[in-house]
>>> print(open('structure.txt').read())   # compact mmCIF, C-alpha atoms
# COMPACT_ATOMS: atom_id res chain seq x y z
CA MET A 450 139.83 143.67 156.17
CA THR A 451 139.76 147.08 157.85
CA ALA A 452 141.80 147.36 161.03
CA HIS A 453 139.51 147.27 164.05
CA THR A 454 140.44 146.84 167.68
CA CYS A 455 138.54 145.00 170.37
CA HIS A 456 136.03 147.28 172.13
CA ALA A 457 137.10 145.77 175.44
CA HIS A 458 140.37 147.68 174.98
CA CYS A 459 142.72 144.71 175.11
CA GLY A 460 144.62 145.94 172.03
CA ARG A 461 143.90 142.89 169.86
CA THR A 462 142.49 143.30 166.39
CA CYS A 463 139.25 141.69 165.32
CA PRO A 464 136.89 141.90 162.35
CA PRO A 465 134.81 145.13 162.33
CA ARG A 466 131.61 143.08 162.56
CA LEU A 467 132.59 141.89 166.06
CA LEU A 468 132.26 143.80 169.30
CA MET A 469 135.27 142.04 170.81
CA CYS A 470 138.07 139.67 170.01
CA PRO A 471 137.34 135.99 170.74
CA THR A 472 139.54 136.03 173.85
CA CYS A 473 137.55 138.83 175.48
CA TRP A 474 134.19 137.54 174.24
CA LYS A 475 134.78 134.26 176.12
CA LEU A 476 134.71 136.28 179.36
CA VAL A 477 131.15 137.52 178.70
CA PRO A 478 128.41 135.38 180.29
CA LYS A 479 126.36 133.63 177.59
CA PRO A 480 123.03 135.23 178.63
CA LEU A 481 124.57 138.69 178.29
CA GLY A 482 126.21 137.78 174.99
CA ASP A 483 122.83 136.61 173.74
CA LEU A 484 121.33 140.00 174.69
CA VAL A 485 124.11 141.81 172.80
CA TYR A 486 123.26 139.85 169.64
CA GLU A 487 119.50 140.19 170.13
CA ALA A 488 119.71 143.97 170.55
CA TYR A 489 122.15 144.35 167.67
CA ASN A 490 119.97 142.42 165.25
CA ALA A 491 116.81 144.28 166.31
CA GLY A 492 118.51 147.66 165.90
CA ARG A 493 120.15 146.74 162.61
CA ARG A 494 116.79 145.95 161.05
CA ALA A 495 115.28 149.20 162.28
CA LYS A 496 117.95 151.80 161.51
CA THR A 497 121.61 152.44 160.87
CA HIS A 498 122.53 153.75 164.34
CA PRO A 499 122.73 151.43 167.34
CA ASN A 500 119.63 151.23 169.46
CA GLY A 501 119.78 151.95 173.17
CA ALA A 502 119.30 148.31 174.11
CA TRP A 503 122.45 147.37 172.21
CA MET A 504 124.41 150.17 173.88
CA LEU A 505 123.35 148.92 177.32
CA ALA A 506 124.19 145.29 176.60
CA ALA A 507 127.44 146.03 174.76
CA GLU A 508 128.77 148.47 177.36
CA THR A 509 127.90 146.06 180.17
CA ALA A 510 129.77 143.26 178.37
CA ILE A 511 132.78 145.55 177.93
CA GLU A 512 132.78 146.51 181.61
CA LEU A 513 132.50 142.85 182.65
CA VAL A 514 135.62 142.10 180.60
CA HIS A 515 137.38 145.07 182.22
CA LEU A 516 136.63 143.69 185.68
CA ALA A 517 137.59 140.14 184.71
CA THR A 518 140.97 141.28 183.38
CA GLY A 519 141.82 143.65 186.23
CA ARG A 520 141.22 146.85 184.31
CA ARG A 521 139.47 149.91 185.67
CA PHE A 522 135.68 149.80 185.87
CA ARG A 523 134.13 152.78 184.08
CA ALA A 524 130.83 153.68 185.76
CA LEU A 525 130.59 156.75 183.54
CA ALA A 526 130.48 154.54 180.44
CA LEU A 527 127.48 152.67 181.88
CA THR A 528 125.76 155.95 182.77
CA GLN A 529 126.33 157.27 179.25
CA ALA A 530 124.96 154.04 177.75
CA MET A 531 121.83 154.33 179.88
CA SER A 532 121.40 157.99 178.97
CA TYR A 533 121.69 157.08 175.28
CA ALA A 534 119.14 154.27 175.72
CA VAL A 535 116.65 156.61 177.39
CA ASP A 536 117.14 159.18 174.65
CA VAL A 537 116.90 156.75 171.73
CA ASP A 538 114.48 154.07 172.98
CA GLY A 539 112.47 155.93 175.62
CA VAL A 540 112.31 155.55 179.38
CA ALA A 541 110.08 152.48 179.57
CA THR A 542 112.06 150.50 176.99
CA ALA A 543 115.41 151.49 178.49
CA ARG A 544 114.29 150.55 181.99
CA ALA A 545 112.88 147.19 180.83
CA PHE A 546 116.01 146.25 178.89
CA ALA A 547 118.23 147.41 181.76
CA GLY A 548 116.41 144.89 183.96
CA ARG A 549 117.21 142.14 181.46
CA VAL A 550 120.85 143.22 181.32
CA LEU A 551 121.09 143.22 185.13
CA ALA A 552 119.62 139.70 185.20
CA ALA A 553 122.15 138.50 182.59
CA ALA A 554 125.20 140.12 184.17
CA THR A 555 127.11 138.36 186.90
CA GLY A 556 129.44 139.29 189.72
CA PRO A 557 130.22 142.62 191.35
CA ILE A 558 129.31 144.59 188.25
CA VAL A 559 125.61 144.21 189.05
CA ALA A 560 125.90 146.41 192.16
CA GLU A 561 128.05 148.89 190.24
CA MET A 562 125.49 149.03 187.43
CA ARG A 563 122.61 149.65 189.82
CA GLU A 564 124.60 152.42 191.48
CA ALA A 565 125.44 154.01 188.12
CA TRP A 566 121.89 153.76 186.72
CA GLU A 567 119.65 154.62 189.67
CA PRO A 568 120.49 158.35 189.70
CA LEU A 569 119.70 158.52 186.00
CA PHE A 570 116.27 156.97 186.53
CA ALA A 571 115.63 159.53 189.26
CA GLN A 572 116.42 162.29 186.73
CA VAL A 573 114.45 160.82 183.84
CA PRO A 574 111.83 163.62 183.77
CA LEU A 575 114.68 166.11 183.30
CA ILE A 576 116.19 164.10 180.43
CA ARG A 577 113.15 163.02 178.49
CA THR A 578 110.06 165.23 178.16
>>> encode(input="structure.txt", output="structure tokens")
Amino acid sequence: MTAHTCHAHCGRTCPPRLLMCPTCWKLVPKPLGDLVYEAYNAGRRAKTHPNGAWMLAAETAIELVHLATGRRFRALALTQAMSYAVDVDGVATARAFAGRVLAAATGPIVAEMREAWEPLFAQVPLIRT
């Protein structure tokens, strides 16, 4: 097996097919975990690069684990995930999936996510023509 570390940055190794180690994955709310799998499977069938929906769900899950384990919240990572989603999936799809991610996320991250994403939606005409 190829060495692969948990994307939640805990330092543990996990199989490359997994986003996180089992310890970190247990900290992700089930509805959000379901969205990560749904978006991954949809994107995998369509192309080789991750779709924007997966980036949004995966990055949100990672940031939830960061908050749950006392690590620094990275608003920039959420903004970059949203920018990628808009670029790859289009504004309407990114906005719709972001709403699903916000509904599946729990705790203080929801307010942080809204704060990180709202300016990007205001700039959408500048990003996507």
>>> closest_residue(input="structure.txt", among="A:His498, A:His515, A:Arg523, A:His453", to="Ala565 in chain A", atoms="only C-alpha atoms")
A:Arg523
>>> closest_residue(input="structure.txt", among="A:Trp566, A:Tyr533, A:Phe546, A:Trp503", to="Val485 in chain A", atoms="only C-alpha atoms")
A:Trp503
>>> atom_distance(input="structure.txt", atom1="CA of Leu484 in chain A", atom2="CA of Ala506 in chain A")
6.3 Å
>>> residues_around(input="structure.txt", residues="Gly482 in chain A", least_positions_apart="4", cutoff="9 Å", atoms="only C-alpha atoms", output="number ranges by chain")
A: 474, 477-478, 486-487, 506-507, 510, 553
>>> atom_distance(input="structure.txt", atom1="CA of Met562 in chain A", atom2="CA of Val514 in chain A")
14.0 Å
>>> closest_residue(input="structure.txt", among="A:Cys455, A:Ala488, A:Ala547, A:Ala534", to="Ile511 in chain A", atoms="all atoms listed in the file")
A:Cys455
>>> decode(input="structure.txt", residues="range 498-511 of chain A", atoms="N, CA and C atoms", output="mmCIF file, in the first residue's frame")
data_model
loop_
_atom_site.group_PDB
_atom_site.id
_atom_site.type_symbol
_atom_site.label_atom_id
_atom_site.label_comp_id
_atom_site.auth_asym_id
_atom_site.auth_seq_id
_atom_site.Cartn_x
_atom_site.Cartn_y
_atom_site.Cartn_z
ATOM 1 N N HIS A 498 -10.724 14.016 -12.500
ATOM 2 C CA HIS A 498 -10.455 15.042 -11.486
ATOM 3 C C HIS A 498 -11.667 15.199 -10.575
ATOM 4 N N PRO A 499 -11.447 15.598 -9.338
ATOM 5 C CA PRO A 499 -12.591 15.746 -8.426
ATOM 6 C C PRO A 499 -13.555 16.827 -8.914
ATOM 7 N N ASN A 500 -14.827 16.581 -8.717
ATOM 8 C CA ASN A 500 -15.791 17.619 -9.057
ATOM 9 C C ASN A 500 -15.853 18.639 -7.920
ATOM 10 N N GLY A 501 -16.470 19.768 -8.203
ATOM 11 C CA GLY A 501 -16.542 20.836 -7.213
ATOM 12 C C GLY A 501 -17.351 20.447 -5.990
ATOM 13 N N ALA A 502 -18.392 19.662 -6.200
ATOM 14 C CA ALA A 502 -19.219 19.222 -5.076
ATOM 15 C C ALA A 502 -18.384 18.424 -4.081
ATOM 16 N N TRP A 503 -17.543 17.537 -4.584
ATOM 17 C CA TRP A 503 -16.688 16.754 -3.684
ATOM 18 C C TRP A 503 -15.733 17.666 -2.930
ATOM 19 N N MET A 504 -15.150 18.638 -3.627
ATOM 20 C CA MET A 504 -14.224 19.558 -2.955
ATOM 21 C C MET A 504 -14.914 20.289 -1.806
ATOM 22 N N LEU A 505 -16.138 20.752 -2.049
ATOM 23 C CA LEU A 505 -16.881 21.452 -0.996
ATOM 24 C C LEU A 505 -17.143 20.544 0.200
ATOM 25 N N ALA A 506 -17.658 19.355 -0.068
ATOM 26 C CA ALA A 506 -17.992 18.437 1.020
ATOM 27 C C ALA A 506 -16.739 17.968 1.752
ATOM 28 N N ALA A 507 -15.707 17.605 1.010
ATOM 29 C CA ALA A 507 -14.478 17.101 1.630
ATOM 30 C C ALA A 507 -13.794 18.176 2.462
ATOM 31 N N GLU A 508 -13.679 19.373 1.934
ATOM 32 C CA GLU A 508 -13.003 20.444 2.678
ATOM 33 C C GLU A 508 -13.799 20.827 3.916
ATOM 34 N N THR A 509 -15.118 20.806 3.824
ATOM 35 C CA THR A 509 -15.947 21.092 5.000
ATOM 36 C C THR A 509 -15.733 20.024 6.069
ATOM 37 N N ALA A 510 -15.687 18.763 5.658
ATOM 38 C CA ALA A 510 -15.443 17.668 6.613
ATOM 39 C C ALA A 510 -14.082 17.849 7.286
ATOM 40 N N ILE A 511 -13.077 18.199 6.503
ATOM 41 C CA ILE A 511 -11.737 18.413 7.063
ATOM 42 C C ILE A 511 -11.753 19.546 8.074
#
